[in-house]
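Visitor: Please find one structure pasted underneath; my questions will follow.
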4 protein chains.
Amino acid sequence: MKLTSDKIQELNQSKLSSHQEELNFLSNRLSKEGHDVESLIQKIKDFQIAVPSWALGAGGTRFGRFGIGGEPRTLEEKLEDIGLLKALTQKTDSVSLHIPWDIPSDVSGVKELATDLGIGFDAMNSNTFQDYGQAETYKLGSLGNAKKSIRDQAVAHNIEVIEIGEKLGSKGLTVWLADGSNFPGQSSLRNSLQWTQESLQAIYGKMPGDWKMLLEYKPYEPNFYHTIIPDWGTSSLLCKSVGDRAKVLVDLGHHLPNTNIEQIVATLMYQDMLAGFHFNDSKYGDDDLTTGSIKPYQLFLIFCELVSGAEDGAQAWESISWMIDASHNTKDPIEDLMQALEMIGVCFTKALLVDRKKLSACQIEGDVVGAQECLQAAFQCDVRPLVKEARIQNGGACDPISVYRELEIRKKLINTRGADSRSTGL
Amino acid sequence: MKLTSDKIQELNQSKLSSHQEELNFLSNRLSKEGHDVESLIQKIKDFQIAVPSWALGAGGTRFGRFGIGGEPRTLEEKLEDIGLLKALTQKTDSVSLHIPWDIPSDVSGVKELATDLGIGFDAMNSNTFQDYGQAETYKLGSLGNAKKSIRDQAVAHNIEVIEIGEKLGSKGLTVWLADGSNFPGQSSLRNSLQWTQESLQAIYGKMPGDWKMLLEYKPYEPNFYHTIIPDWGTSSLLCKSVGDRAKVLVDLGHHLPNTNIEQIVATLMYQDMLAGFHFNDSKYGDDDLTTGSIKPYQLFLIFCELVSGAEDGAQAWESISWMIDASHNTKDPIEDLMQALEMIGVCFTKALLVDRKKLSACQIEGDVVGAQECLQAAFQCDVRPLVKEARIQNGGACDPISVYRELEIRKKLINTRGADSRSTGL
Amino acid sequence: MKLTSDKIQELNQSKLSSHQEELNFLSNRLSKEGHDVESLIQKIKDFQIAVPSWALGAGGTRFGRFGIGGEPRTLEEKLEDIGLLKALTQKTDSVSLHIPWDIPSDVSGVKELATDLGIGFDAMNSNTFQDYGQAETYKLGSLGNAKKSIRDQAVAHNIEVIEIGEKLGSKGLTVWLADGSNFPGQSSLRNSLQWTQESLQAIYGKMPGDWKMLLEYKPYEPNFYHTIIPDWGTSSLLCKSVGDRAKVLVDLGHHLPNTNIEQIVATLMYQDMLAGFHFNDSKYGDDDLTTGSIKPYQLFLIFCELVSGAEDGAQAWESISWMIDASHNTKDPIEDLMQALEMIGVCFTKALLVDRKKLSACQIEGDVVGAQECLQAAFQCDVRPLVKEARIQNGGACDPISVYRELEIRKKLINTRGADSRSTGL
Amino acid sequence: MKLTSDKIQELNQSKLSSHQEELNFLSNRLSKEGHDVESLIQKIKDFQIAVPSWALGAGGTRFGRFGIGGEPRTLEEKLEDIGLLKALTQKTDSVSLHIPWDIPSDVSGVKELATDLGIGFDAMNSNTFQDYGQAETYKLGSLGNAKKSIRDQAVAHNIEVIEIGEKLGSKGLTVWLADGSNFPGQSSLRNSLQWTQESLQAIYGKMPGDWKMLLEYKPYEPNFYHTIIPDWGTSSLLCKSVGDRAKVLVDLGHHLPNTNIEQIVATLMYQDMLAGFHFNDSKYGDDDLTTGSIKPYQLFLIFCELVSGAEDGAQAWESISWMIDASHNTKDPIEDLMQALEMIGVCFTKALLVDRKKLSACQIEGDVVGAQECLQAAFQCDVRPLVKEARIQNGGACDPISVYRELEIRKKLINTRGADSRSTGL
């Protein structure tokens, strides 16, 4: 199914006047404080987040999975869902594909569909953490496996992913390497690091000159003693040995307890080494919850670093990739993604409101109390009218979730695809 | 396949003389230090650990699963595997069944087989964290679900599990409640606790008078914001409201980072509230690794509490249940279990060696250094000859893993059951 | 120095009109949504937080301490500072004393001064974690020490604290027990728990019938292997063995990484066992930072539990004690406390805005997305005008920190007390 | 006081025969397994660990400090204590000084005393985390302070430390930078990193050509929101920007919960970037407990990486510095250091026993079970006779702690120095 712009505009009508009132009051206040509200709204409009193809179905844990019904059965249906998401939120304009889950049988058909829906192709994702009929098993690793033939197979897979991506118009390869070990002694920590480095160099060598490599890190899971790329330091070390267009990807859930993630963002931008983001939230480990649902202040602080890093010229905003990467175990995936996109918009906007000149003065004068007041002044502000206005101006719905529910979209998807349809993914 | 005692004795022959030499030297030293070596060995012989029926197949993570081959396809084949494990290690004498995975089609046949293998039936496990065709989904919880009909269904399931267990001769019901929520607001924290309490009371009321209820706690996973029974305090609170025979089960992997688990053991024994143990090890979360493979000193300290708590009369040793609960993602499950049983034997034995009189004197005098010396004197001692001797006296193999490999048991299991056979479980 | 109400009113004048505009707009919106704004403001006005006497000086770490200048040198000067805080914020009306740091030399003088400043005496705090000339050292513990004479001394100290408190009009004794051990083996975990229980019973027996005992828990620091009361479960166990008026005190910084604190609050209220709160915030351990400065959403969720627990009748709001307990290492303590009081007001108010009827419906229907929307609707709302209005109605300053700075209060305190004056405390 | 070699030999007499028996039995077994026992003992003898000057007095926490009595009052008395430690253990041969705590008033006298005691001068430590009368306060940072004059002052202090070290014969500067912030917004994360980089470059430029810079990292404390050098990645980034002789120092307590420290060691050695170690142990944070007292298996695994990294030629053993850095809050510092030195000896020796050829084969074949058996075979071995033999051959005591107690050394130190003498340090 497809949502027309007209339909959305029609549904917006009844809500516009109260929105306008809220917006006017806020704009007025912000203007008095010296903000250029038009420019703020433009920045919010321009900020678009990719959605991964595997986020449209129900996720699960090792203890089980509960289907949502109406899950997309094909790549085409995944694009359709993202099309719906785009129509409603106007906050996503591209999809990140996963190979082998999303090998397109009809490349030009897929491209056409995507163009029709206004969806581009974000970074491609390779998969060497599962067996799907390939010659040798990845049980004990892939790019860093002790066995050369397995490493070669994993390198070849990544090159194939690049080739598929090239056909679709993607410009990046995301490598999340699940390799590691479950027990002390199982792997040589140094050797596996070296093999990984060599494998990444081989892949990078086959990457088109206008592509970038986004290298993730993760401290544990699915391996529980060590992972070969556990932290930003290791990812950075590997990227630097591989080439200029290899940079570090930050997934918000991939950190040890209490990690100061915003500092990692700052340190990466300091070196022009931030590839991009996987947005989600977590309380314990890689919980893959809706971004901003657990630690919204942390998300705000991360955006503060992103905004200031870009404004100060440490690293260009345009060089950073944005993607949601969450697992939808108990929520309707489309609704969950709408909540995530809203939260990203809200926290980004709050970060834009920080009075950076005043903050900088506090930092220089050692006014710790004043610095906190600066951040709180922005964080406490209710910016939802700005985010809504940006969405409306982009053609989206006043209230995306209400529309989704009013139109009974999930019910229609179930009717079309079945209650037991299951999307590929985790 | 079945391993005869004769075969094992035969394979032991070549290894006995060097073992005897090691044993004599150690026994001699320990006797000089005042230990009664015969009594020590008897205690090791008597200490038997249950194995869960779901531990015989390969485990997995939410990212995938790599089969091991030759996995038991039926309850009978699971018993067979435990029979092998028993023959080799003489450290396990019972199985813990999981319903619905292990519903016996032929109760008397299963009992006969178990008797033949010398295997008894440990606590029964219910499952309300997955959907397996029952009327209502457990997606949002079971015993603590907001919907009464779902709570009733989950209670009825537990009662059914008790009934199956009664037929087999089990004497306990283990309740691991996965209920919880993924997001703030999803559940009423107080209401879900109250519903859980009421459900447990209903189940307890149907439990035979000579049974005990073992109530687990776990801080997170598969729910990632809250679980209804996150810690020993909540489990204890529920048990006390339910009845005298409800006690707290400690799974070593079910704790927040840095938790002092041995203290929880001490606190539970102080109240005569320790139901038993699920042995495993972890570095990050509920990693379900081989017990003792990551933190052997912690395992030793836990046994120190168990031994001293029993000796001091805080809680009777016999009242505590012992089980391994690990996931075998990269190891042959049977080999992994042999390593776990060995590690348990080793740490238990070291705990028996602690000079408790001296330790107590150090504690009273405030001799912190002396207390540490006491523990290290026991921990540093190489007790493997004692553990081996106990195994040999019980009829087990000198070196169980070597025998298992020498006899190519996994190969034979694959030949019989197939390379793709898949055991029920996670 | 003392701030008159007239002075504050005078300084407020220039800010009232823009405040009124903000307040009107918000009140209008909230009224439309069904809120009784007058009643909301009344609740905010009524909510008062105690300040501990040790919070008025600079804090420090084991690596050192940097004085702030003008720190109160006497109990009287501490009261003066709280008087200032009260005049500015109208959010605190009592002080929590610490013995021996605050032994009053002139009880009636102190009472008179406090009355004059409108300050009452909150729970008394005993100190058995330091040596201050008493007969026997607390180096290896106090209420749970292996040596009976030390336990007796610590019990006697607590009784003395009660006696001082009685004279001043306090109605509670807060026990934070630092006892524990640094190394495995140093203490008998069970014995030290039992001795602690007996000591607490002895103290409780001497407590007036209208007093309550507030028993803290803390997992580590200043002991780094175990503490005798590490978690709410142990505190609760001890309280129940001691008497009805002993309840569990929650200090926000006293938890292991990733603990769900709001759930502990809910579980305690479920049992009518919540004594009260020590507000602060932390990223790593017991960091004692300004409450709400690191995890404001957590603070909001805690208030959601408090509000709903009281509204549902689980535990009466009036039965709960409120106190700030933070350490001011780099901020002016008075400014820091003003930030803390503001943040408490903001998060409390947001919790009052949660549409609990709608939330409850979402919980019952299993509408996880809707439940999150409910909480976010309240959390995203900018409630500062309500908090400010409550403060103004109570006679406080529009913007307390601005007034404090404008009047150069710290400078005046330094002039009076000296740049090197040092407050007792940590 | 000074312990003569003759006295120690005399006290050893009664213990040698039983030691010899234990040693012979073990040597015999190890020889059969292919180990060169003489070579093992030589390696143990050669492995010497520095002791910091601040480790001879009682440590404390922010909650207080309990003196031990007889603490060294001067640099000379600190050297004396290390002399005692050396005489007893023969496992330490150098001291690491801290400026300004240890500014020698008489350089040649100090050098003479040290030579006489057989003690050399390990890396020098600077202090920019406390105020000790210098012109500008380090309250808000030093090398990374927003104020240039403070950065310059801190750079100058480090250069002064180098100059003092040169006079004494030290060859390294250890920089532990406590700089950071307590609250979001307080510091510019990028600017403070850049200033730190510039300051370190300035210091490095003044370092003699045969010196190395050892740069520590630490995630938190005494700052509780961010520290400028929180992890090995940041330390490594700074070192690489500074010069070849700047390397990363690993303090075992300076990690977030669950960090795989042995992997960091491997990754640093992979790059020839490991400066050295600060040995201690911890359960929660930077607890500074006796190394090996909490997680002895982790210490063993770290030594496995160190031994294999050196044997494989990743980084030369000789290029790595070794030091104990613990805090002695409840133990006699000298006894505590003896326990630490013993534990280091034991874990190092166990690491030497790992059958690396077999382990490597297991790694290549993917024999996870076999790899674990390899490590356990070494870890379970009771190597204390080898460590003792190395000590005896070096002229140390059979049982250092017994001798220390028998000779009532602490009592004598108290008699000489007083019960209230207080050592400089934390």
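Residue names in the structure tokens use chain letters A, B, ... in the order shown, residue numbers from 1 in each chain, and ligand numbers from 1 in the order shown.
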I need the contact residues of chain B against chain A, so if you could list those with any atom within 6 Å, counting only C-alpha atoms, and return them as a ChimeraX atom specification, that would help.
Guide: /B:61-64,130,426
Visitor: Give me, as a PyMOL selection string, the residues of stretch 91-274 of chain B that a backbone DSSP run labels alpha helix (DSSP H).
Guide: chain B and resi 107-117+148-168+189-205+232-242+261-270
Visitor: Would you kindly return, as a compact mmCIF listing (two decimals) with all heavy atoms, in the first residue's frame, each protein, DNA or RNA residue with an atom no farther than 12 Å from any atom of D:Leu30, considering only C-alpha atoms and excluding same-chain residues fewer than 5 positions away?
Guide:
```
# COMPACT_ATOMS: atom_id res chain seq x y z
N LEU D 23 59.65 -28.95 45.88
CA LEU D 23 60.27 -28.49 44.64
C LEU D 23 60.69 -29.67 43.77
O LEU D 23 60.46 -29.68 42.56
CB LEU D 23 61.50 -27.62 44.97
CG LEU D 23 62.27 -27.10 43.76
CD1 LEU D 23 61.42 -26.10 42.97
CD2 LEU D 23 63.59 -26.44 44.18
N ASN D 24 61.29 -30.66 44.42
CA ASN D 24 61.75 -31.81 43.64
C ASN D 24 60.59 -32.51 42.94
O ASN D 24 60.68 -32.88 41.77
CB ASN D 24 62.47 -32.82 44.55
CG ASN D 24 63.81 -32.28 44.99
OD1 ASN D 24 64.32 -31.31 44.41
ND2 ASN D 24 64.37 -32.89 46.03
N PHE D 25 59.53 -32.71 43.69
CA PHE D 25 58.40 -33.42 43.10
C PHE D 25 57.85 -32.65 41.89
O PHE D 25 57.60 -33.21 40.83
CB PHE D 25 57.30 -33.63 44.14
CG PHE D 25 56.22 -34.56 43.68
CD1 PHE D 25 56.39 -35.94 43.74
CD2 PHE D 25 55.04 -34.06 43.13
CE1 PHE D 25 55.40 -36.80 43.28
CE2 PHE D 25 54.06 -34.92 42.66
CZ PHE D 25 54.23 -36.29 42.73
N HIS D 35 59.40 -29.25 30.34
CA HIS D 35 59.83 -27.91 30.76
C HIS D 35 61.28 -27.91 31.22
O HIS D 35 61.76 -28.88 31.81
CB HIS D 35 58.96 -27.41 31.93
CG HIS D 35 57.55 -27.12 31.53
ND1 HIS D 35 57.19 -26.01 30.80
CD2 HIS D 35 56.41 -27.81 31.74
CE1 HIS D 35 55.89 -26.03 30.59
NE2 HIS D 35 55.38 -27.12 31.15
N ASP D 36 61.97 -26.84 30.97
CA ASP D 36 63.33 -26.63 31.45
C ASP D 36 63.22 -25.87 32.77
O ASP D 36 63.11 -24.63 32.80
CB ASP D 36 64.12 -25.83 30.41
CG ASP D 36 65.53 -25.49 30.89
OD1 ASP D 36 65.84 -25.66 32.09
OD2 ASP D 36 66.32 -25.04 30.04
N VAL D 37 63.26 -26.60 33.86
CA VAL D 37 62.95 -26.00 35.16
C VAL D 37 63.98 -24.93 35.56
O VAL D 37 63.63 -23.89 36.10
CB VAL D 37 62.83 -27.10 36.25
CG1 VAL D 37 62.63 -26.47 37.62
CG2 VAL D 37 61.68 -28.04 35.91
N GLU D 38 65.24 -25.19 35.26
CA GLU D 38 66.27 -24.19 35.60
C GLU D 38 65.97 -22.86 34.92
O GLU D 38 66.07 -21.78 35.51
CB GLU D 38 67.66 -24.67 35.15
CG GLU D 38 68.31 -25.64 36.09
CD GLU D 38 68.22 -25.19 37.55
OE1 GLU D 38 68.76 -24.12 37.86
OE2 GLU D 38 67.57 -25.90 38.36
N SER D 39 65.60 -22.95 33.65
CA SER D 39 65.31 -21.75 32.89
C SER D 39 64.08 -21.03 33.43
O SER D 39 64.02 -19.79 33.51
CB SER D 39 65.14 -22.13 31.42
OG SER D 39 64.29 -21.23 30.77
N LEU D 40 63.08 -21.81 33.83
CA LEU D 40 61.88 -21.23 34.44
C LEU D 40 62.26 -20.42 35.68
O LEU D 40 61.85 -19.27 35.85
CB LEU D 40 60.91 -22.33 34.89
CG LEU D 40 59.98 -22.93 33.84
CD1 LEU D 40 59.25 -24.14 34.45
CD2 LEU D 40 58.98 -21.90 33.36
N LYS D 350 52.80 -19.34 36.21
CA LYS D 350 51.77 -20.15 35.57
C LYS D 350 51.70 -19.86 34.07
O LYS D 350 51.53 -20.76 33.26
CB LYS D 350 50.41 -19.89 36.24
CG LYS D 350 50.33 -20.46 37.65
CD LYS D 350 48.94 -20.27 38.29
CE LYS D 350 48.93 -20.93 39.68
NZ LYS D 350 47.60 -21.07 40.26
N LEU D 352 54.12 -18.94 32.25
CA LEU D 352 55.29 -19.57 31.60
C LEU D 352 55.04 -21.05 31.34
O LEU D 352 55.65 -21.65 30.45
CB LEU D 352 56.53 -19.42 32.50
CG LEU D 352 57.11 -18.01 32.65
CD1 LEU D 352 58.25 -18.02 33.67
CD2 LEU D 352 57.61 -17.46 31.32
N LEU D 353 54.17 -21.66 32.14
CA LEU D 353 53.92 -23.10 32.00
C LEU D 353 52.96 -23.45 30.87
O LEU D 353 52.81 -24.62 30.52
CB LEU D 353 53.34 -23.66 33.31
CG LEU D 353 54.29 -23.75 34.49
CD1 LEU D 353 53.61 -24.48 35.65
CD2 LEU D 353 55.60 -24.45 34.12
N VAL D 354 52.28 -22.47 30.31
CA VAL D 354 51.33 -22.77 29.23
C VAL D 354 52.06 -23.43 28.06
O VAL D 354 53.08 -22.93 27.60
CB VAL D 354 50.61 -21.49 28.75
CG1 VAL D 354 49.78 -21.76 27.52
CG2 VAL D 354 49.76 -20.91 29.88
N ASP D 355 51.52 -24.53 27.61
CA ASP D 355 52.10 -25.25 26.46
C ASP D 355 51.66 -24.48 25.21
O ASP D 355 50.63 -24.78 24.61
CB ASP D 355 51.57 -26.68 26.43
CG ASP D 355 52.23 -27.50 25.35
OD1 ASP D 355 52.74 -26.90 24.37
OD2 ASP D 355 52.21 -28.73 25.46
N ALA D 377 45.52 -26.40 32.52
CA ALA D 377 46.65 -27.25 32.93
C ALA D 377 47.72 -26.40 33.60
O ALA D 377 48.33 -26.80 34.60
CB ALA D 377 47.23 -27.99 31.73
N ALA D 378 47.94 -25.21 33.07
CA ALA D 378 48.95 -24.31 33.66
C ALA D 378 48.41 -23.63 34.91
O ALA D 378 49.09 -23.53 35.92
CB ALA D 378 49.38 -23.27 32.63
N CYS D 381 48.11 -25.75 38.12
CA CYS D 381 49.38 -26.23 38.70
C CYS D 381 49.78 -25.35 39.89
O CYS D 381 49.71 -24.12 39.83
CB CYS D 381 50.45 -26.20 37.62
SG CYS D 381 52.02 -26.82 38.22
N ASP D 382 50.20 -25.99 40.95
CA ASP D 382 50.64 -25.26 42.15
C ASP D 382 52.12 -24.90 41.99
O ASP D 382 53.00 -25.73 42.22
CB ASP D 382 50.42 -26.13 43.38
CG ASP D 382 50.71 -25.37 44.68
OD1 ASP D 382 51.28 -24.26 44.60
OD2 ASP D 382 50.37 -25.89 45.74
N VAL D 383 52.38 -23.67 41.58
CA VAL D 383 53.75 -23.26 41.24
C VAL D 383 54.49 -22.60 42.39
O VAL D 383 55.60 -22.11 42.21
CB VAL D 383 53.75 -22.30 40.03
CG1 VAL D 383 53.13 -22.96 38.81
CG2 VAL D 383 53.03 -21.00 40.36
N LEU D 386 58.25 -23.20 42.88
CA LEU D 386 59.16 -22.54 41.93
C LEU D 386 59.40 -21.08 42.33
O LEU D 386 60.53 -20.59 42.29
CB LEU D 386 58.59 -22.58 40.51
CG LEU D 386 58.40 -23.97 39.88
CD1 LEU D 386 57.70 -23.82 38.52
CD2 LEU D 386 59.74 -24.68 39.72
```
Visitor: If DSSP is run on the backbone, what residues of stretch 208-319 of chain A are strand (DSSP E or B)? A reply as a ChimeraX atom specification would be ideal.
Guide: /A:212-216,226-227,246-251,274-279,281,289
Visitor: Here is a test: counting only C-alpha atoms, which residue of D:Val107, D:Val250, D:Met213, D:Ala202 is nearest to D:Ser126?
Guide: D:Met213
Visitor: For A:Asp93, which of A:Gly133, A:Gly57, A:Gly292, A:Pro52 is the closest residue, counting only C-alpha atoms?
Guide: A:Pro52
Visitor: Find the spatial neighbours of D:Lys240, counting only C-alpha atoms, within a cut-off of 12 Å - ignore same-chain residues fewer than 4 positions away - and output them as an MDAnalysis selection string.
Guide: (chainID A and resid 237) or (chainID D and resid 197 200:201 204 213 215 232:236 244:248 271:273)
Visitor: Counting only C-alpha atoms, which of A:Ser149, A:Ser17, A:Gln339, A:Ser31 gets nearest to A:Thr291?
Guide: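 Going through A:Ser149, A:Ser17, A:Gln339, A:Ser31 one by one, the smallest distance to A:Thr291 is for A:Gln339.
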Visitor: State, in Å with one decimal place, the distance from atom CA of D:Asp81 to atom CA of B:Leu359.
Guide: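 Value for the atom CA of D:Asp81-atom CA of B:Leu359 distance: 28.1 Å.
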Visitor: What does the distance between atom CA of B:Leu413 and atom CA of D:Gly366 come to in Å, to one decimal place?
Guide: 20.0 Å
Visitor: Given the choices B:Asp231, B:Val403, B:Ala326, B:Asn158, which gets closest to B:Leu3 if the distance is worked out from only C-alpha atoms?
Guide: B:Val403
Visitor: When you draw a straight line from atom CA of A:Gly144 to atom CA of D:Gln376, how long is it in Å?
Guide: 24.8 Å
